[in-house]
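Notes for the one structure printed next.
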Amino acid sequence: MTSQQRLVLVVAILASFVAFLDGSVVNVALPAIQRELGGGLVVQQWVVDAYLVTLGALILLAGSLSDAYGRLRILRIGLLGFGVTSLLCAFAPDALVLIIGRGLQGAAGALLVPSSLAIIISTFSGVAQAKAIGIWTAWTGTAMIAGPVLGGIFVDTLSWRWVFAINVVPIALTLVLMMRIQHKDVRTPGARIDMVGSVLGIVGIGAPVFALIEQGRYGWGSPAVFVPLVVGLLSLAGFLWWENRATNPMLPLGLFQVRNFWVGNLATAAIYAALSFGFFSIAVFVQQTGGLSATAAGLATLPPTIIMLLLSSRFGTLSGKYGPRFFMSVGPFVAGIGFLLMLSVTGEFVYWTQLLPGILVFGLGLSMTVAPLTAAILGSIDSRQAGIGSAVNNAVSRIAGLIAIAFTGIIVGSGLDVDGFHRAVLATAIMLIAGAIISAIGIRNPKRMAGGAPSATDGAEVEGQAGSRPEGSPTEGHQGAGS
């Protein structure tokens, strides 16, 4: 790895880390926010969901902007926007300003992840690309799990406002490091922004998510719920129709002709729904029923973070050498076994014997999964479309997690007592094992060349046309993980 490649990797990690971190760090701060700003459960819900709605609704547009105007430029704009909106949240005088700030913060965060991953794809190739993705996923993936630890420490020792204010430090460091990158910004020649598709996509994602959030408060029969649900679903159908006929589509539907891309995103939906729902359930249970403090609750989920830091890069390298199918099949299954072990939790909660063994097994399975999953999806498409490919994958993971959490009440019942927790971990295990089955059936390893490296086809077979590529396929000219 050259010094410039190392610099690009560090920038990509730092830029993505703050976006992933803010999606999870706020959870343990919600009681403190409610005590100071008031508003009850509704405010707590929107402090979390305002960020997720704008992030999920805008991330496809962000991927197109990354490809059209340059990954580094969009990354820089996203970092500046995220820093400003983080300060707005930190100094919010009331709940309304905080919720607005969180929505704007999600919009800025949508610019970060596709651009940061895209510069890795355009800077690395071959096994080195798979290893770089493994390092990136090790650090950014841990943000979702490490967030509650940092949030708990800030809440217990300083103030909930530091959960947002601290973002300024890594953002400033990333902007300084970006000045040293000699990497030429990559953009697609002649690319234009699909404005019609952008509007339809934003409404198609945002409106149904709004309905899912508010149905618990108003009920499915309320116009405040079914109107945005119907409008959103119609917009989503219109989005797919438009993208199929647009000259410069925001989402080239040809991407979904690539087997590893569509199968990988289907597996992503199951795995990341499980990840978001499972750790949300653990964080709430160990505090409300287990009696742990905010900091202790965060520390309780720290072991998978350490395991990922130690092993994700290694599994990324192995995936680049042997192909992703084995790791994407076995990893989620092992992670699911970890959650099944948590069924041993009883009313006399003992973390060390009832929860920790399952968390450790889950951490091993997740480490086997994340880097190969990302490499399989993005390595199967043209590197010039890495921005939109990353955006699709991240939109799938965010929306899957949001929907899973929205169904918490249906799954666990009236609350996360021991019985509710058992239902939660069982549902999480089922989702993880479903991800393993999807991967085992659908993912294809890249063909091997004489030297043992993946061939340029990189598993990009079109359904029913294994080993071939249709004319104009997005895999043409691919220089990604298998090159």
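Chain identifiers are assigned as A, B, and so on, following the order in which chains appear in the structure tokens; residues are numbered from 1 within each chain, and ligands are numbered from 1 in order of appearance.
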Residues of stretch 251-360 of chain A that approach stretch 428-446 of chain A to 7 Å or less, counting only C-alpha atoms: could you list each one with the shortest pair of atoms and its distance in Å to one decimal, rows by chain and increasing residue number, as a tab-separated table?
residue	atom	partner	partner_atom	distance
A:Asn260	CA	A:Ile443	CA	5.5
A:Val263	CA	A:Gly442	CA	5.8
A:Ala267	CA	A:Gly435	CA	4.6
A:Ala270	CA	A:Gly435	CA	5.2
A:Ile271	CA	A:Leu432	CA	5.2
A:Ala274	CA	A:Thr428	CA	4.8
A:Phe277	CA	A:Thr428	CA	7.0
A:Gly278	CA	A:Thr428	CA	5.7
A:Gly323	CA	A:Asn445	CA	4.9
A:Pro324	CA	A:Asn445	CA	6.2
A:Arg325	CA	A:Ile443	CA	5.6
A:Met328	CA	A:Ser439	CA	5.8
A:Ser329	CA	A:Ala436	CA	4.3
A:Val330	CA	A:Ala436	CA	6.4
A:Pro332	CA	A:Ala436	CA	5.1
A:Phe333	CA	A:Ile433	CA	4.9
A:Ala335	CA	A:Leu432	CA	6.8
A:Gly336	CA	A:Ala429	CA	4.1
A:Ile337	CA	A:Ala429	CA	6.8
A:Phe339	CA	A:Ala429	CA	5.5
A:Leu340	CA	A:Ala429	CA	6.2
Based on the selection just made, write N, CA and C atoms of those residues as a compact mmCIF listing (two decimals), in the first residue's frame.
# COMPACT_ATOMS: atom_id res chain seq x y z
N ASN A 260 -24.37 -10.85 -8.29
CA ASN A 260 -23.84 -10.57 -6.96
C ASN A 260 -24.33 -9.24 -6.40
N VAL A 263 -28.25 -9.99 -5.35
CA VAL A 263 -28.29 -10.97 -4.26
C VAL A 263 -27.61 -10.38 -3.01
N ALA A 267 -29.21 -9.87 0.70
CA ALA A 267 -28.59 -10.35 1.94
C ALA A 267 -28.34 -9.18 2.89
N ALA A 270 -31.43 -8.32 5.01
CA ALA A 270 -31.67 -9.23 6.13
C ALA A 270 -30.65 -9.04 7.24
N ILE A 271 -29.38 -8.92 6.87
CA ILE A 271 -28.30 -8.85 7.86
C ILE A 271 -28.33 -7.54 8.63
N ALA A 274 -31.22 -7.15 11.00
CA ALA A 274 -30.91 -7.88 12.22
C ALA A 274 -29.93 -7.11 13.10
N PHE A 277 -31.79 -3.99 14.66
CA PHE A 277 -32.83 -4.40 15.61
C PHE A 277 -32.22 -5.11 16.83
N GLY A 278 -31.25 -5.98 16.58
CA GLY A 278 -30.66 -6.75 17.67
C GLY A 278 -29.95 -5.88 18.69
N GLY A 323 -12.76 -15.73 -2.68
CA GLY A 323 -14.13 -15.41 -3.05
C GLY A 323 -15.02 -15.21 -1.84
N PRO A 324 -16.12 -14.45 -1.98
CA PRO A 324 -16.93 -14.06 -0.82
C PRO A 324 -17.99 -15.08 -0.40
N ARG A 325 -18.31 -16.06 -1.24
CA ARG A 325 -19.49 -16.88 -0.98
C ARG A 325 -19.43 -17.61 0.36
N MET A 328 -19.80 -15.12 3.31
CA MET A 328 -21.13 -14.53 3.40
C MET A 328 -22.18 -15.57 3.79
N SER A 329 -21.89 -16.83 3.59
CA SER A 329 -22.81 -17.91 3.98
C SER A 329 -22.61 -18.32 5.43
N VAL A 330 -21.36 -18.50 5.84
CA VAL A 330 -21.05 -18.97 7.19
C VAL A 330 -21.14 -17.84 8.21
N PRO A 332 -23.02 -14.90 8.61
CA PRO A 332 -24.32 -14.58 9.21
C PRO A 332 -24.90 -15.75 10.01
N PHE A 333 -24.61 -16.99 9.59
CA PHE A 333 -25.10 -18.14 10.33
C PHE A 333 -24.47 -18.18 11.72
N ALA A 335 -23.24 -15.62 13.32
CA ALA A 335 -23.80 -14.49 14.05
C ALA A 335 -25.18 -14.81 14.60
N GLY A 336 -25.99 -15.53 13.80
CA GLY A 336 -27.31 -15.94 14.26
C GLY A 336 -27.24 -16.89 15.44
N ILE A 337 -26.27 -17.81 15.43
CA ILE A 337 -26.07 -18.71 16.57
C ILE A 337 -25.76 -17.90 17.82
N PHE A 339 -26.88 -14.96 18.62
CA PHE A 339 -28.11 -14.42 19.20
C PHE A 339 -28.97 -15.52 19.81
N LEU A 340 -28.94 -16.72 19.24
CA LEU A 340 -29.68 -17.82 19.85
C LEU A 340 -29.14 -18.15 21.23
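The list of residues with at least one atom within 9 Å of A:Gly347, based on only C-alpha atoms and without residues fewer than 4 positions apart in the same chain, reads Thr289, Gly290, Asp417 and Val418 of chain A.
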Selection above as a file: C-alpha atoms, as a short mmCIF file (atom, residue, chain, number, x, y, z; two decimals), in the first residue's frame:
data_model
loop_
_atom_site.label_atom_id
_atom_site.label_comp_id
_atom_site.auth_asym_id
_atom_site.auth_seq_id
_atom_site.Cartn_x
_atom_site.Cartn_y
_atom_site.Cartn_z
CA THR A 289 -34.51 -4.69 32.77
CA GLY A 290 -30.85 -5.42 33.49
CA ASP A 417 -38.85 -7.66 29.55
CA VAL A 418 -37.27 -11.13 29.53
#
Of the candidates A:Gly81, A:Pro303, A:Pro114, A:Gly206, which one gets nearest to A:Trp352 if we count only C-alpha atoms?
-> A:Pro303
Distance query A:Gly83 at most 7 Å, only C-alpha atoms, self and fewer than 5 positions along chain excluded, as a list in words |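 Returned residues: Asn167, Val168 and Ile171 of chain A.
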Writing out the chosen residues with N, CA and C atoms as a PDB file, in the first residue's frame:
ATOM      1  N   ASN A 167     -18.182  15.769  16.985  1.00  0.00           N
ATOM      2  CA  ASN A 167     -18.005  15.470  15.561  1.00  0.00           C
ATOM      3  C   ASN A 167     -17.048  16.437  14.872  1.00  0.00           C
ATOM      4  N   VAL A 168     -16.956  17.643  15.393  1.00  0.00           N
ATOM      5  CA  VAL A 168     -16.123  18.669  14.761  1.00  0.00           C
ATOM      6  C   VAL A 168     -14.660  18.229  14.696  1.00  0.00           C
ATOM      7  N   ILE A 171     -13.973  15.663  11.812  1.00  0.00           N
ATOM      8  CA  ILE A 171     -14.268  16.344  10.547  1.00  0.00           C
ATOM      9  C   ILE A 171     -13.140  17.297  10.183  1.00  0.00           C
TER      10      ILE A 171
END
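Every protein or nucleic acid residue with an atom no more than 9 Å from A:Ala300, counting only C-alpha atoms and leaving out same-chain residues fewer than 2 positions away, appears here: Val149, Ile282, Ala283, Val286, Thr295, Ala296, Ala297, Gly298, Leu302, Pro303, Tyr351, Leu355, Leu356 and Ile359 of chain A.
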For the interface of stretch 15-82 of chain A with stretch 198-201 of chain A (cut-off 8 Å, counting only C-alpha atoms), please tabulate each contacting residue of stretch 15-82 of chain A alongside its nearest pair of atoms and their separation in Å to one decimal, rows sorted by chain and increasing number, as a tab-separated table.
residue	atom	partner	partner_atom	distance
A:Ala57	CA	A:Gly201	CA	7.0
A:Leu60	CA	A:Gly201	CA	7.8
A:Leu61	CA	A:Ser198	CA	5.9
Would you export the selected residues with N, CA and C atoms as a PDB file, in the first residue's frame, please?
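Ended up saving to part.pdb:
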ATOM      1  N   ALA A  57     -33.430   8.671   2.528  1.00  0.00           N
ATOM      2  CA  ALA A  57     -34.112   9.219   1.362  1.00  0.00           C
ATOM      3  C   ALA A  57     -33.165   9.887   0.382  1.00  0.00           C
ATOM      4  N   LEU A  60     -29.346   7.881  -2.362  1.00  0.00           N
ATOM      5  CA  LEU A  60     -29.242   7.565  -3.789  1.00  0.00           C
ATOM      6  C   LEU A  60     -28.864   8.806  -4.593  1.00  0.00           C
ATOM      7  N   LEU A  61     -29.482   9.936  -4.270  1.00  0.00           N
ATOM      8  CA  LEU A  61     -29.118  11.183  -4.934  1.00  0.00           C
ATOM      9  C   LEU A  61     -27.653  11.513  -4.671  1.00  0.00           C
TER      10      LEU A  61
END
Could you tell me how far atom CA of A:Gly134 lies from atom CA of A:Ser312, in Å and to one decimal?
->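 Taking atom CA of A:Gly134 and atom CA of A:Ser312, their separation equals 5.4 Å.
The nearest approach to A:Pro31 among the residues A:Ser293, A:Thr317, A:Ser125, A:Gln215, with only C-alpha atoms taken into account, belongs to A:Ser293.
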Which one is closest to A:Leu275: A:Phe326, A:Phe82, A:Phe362, A:Trp241? Count only C-alpha atoms.
->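 Among the listed residues, the smallest separation from A:Leu275 belongs to A:Phe362.
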Separation of atom CA of A:Gly70 from atom CA of A:Leu87, in Å and rounded to one decimal | 26.4 Å
For A:Met342, please output as an NGL selection string all residues within 7 Å (counting only C-alpha atoms; exclusion window: fewer than 4 positions along the same chain).
-> :A and (338 or 354-355 or 358 or 425)
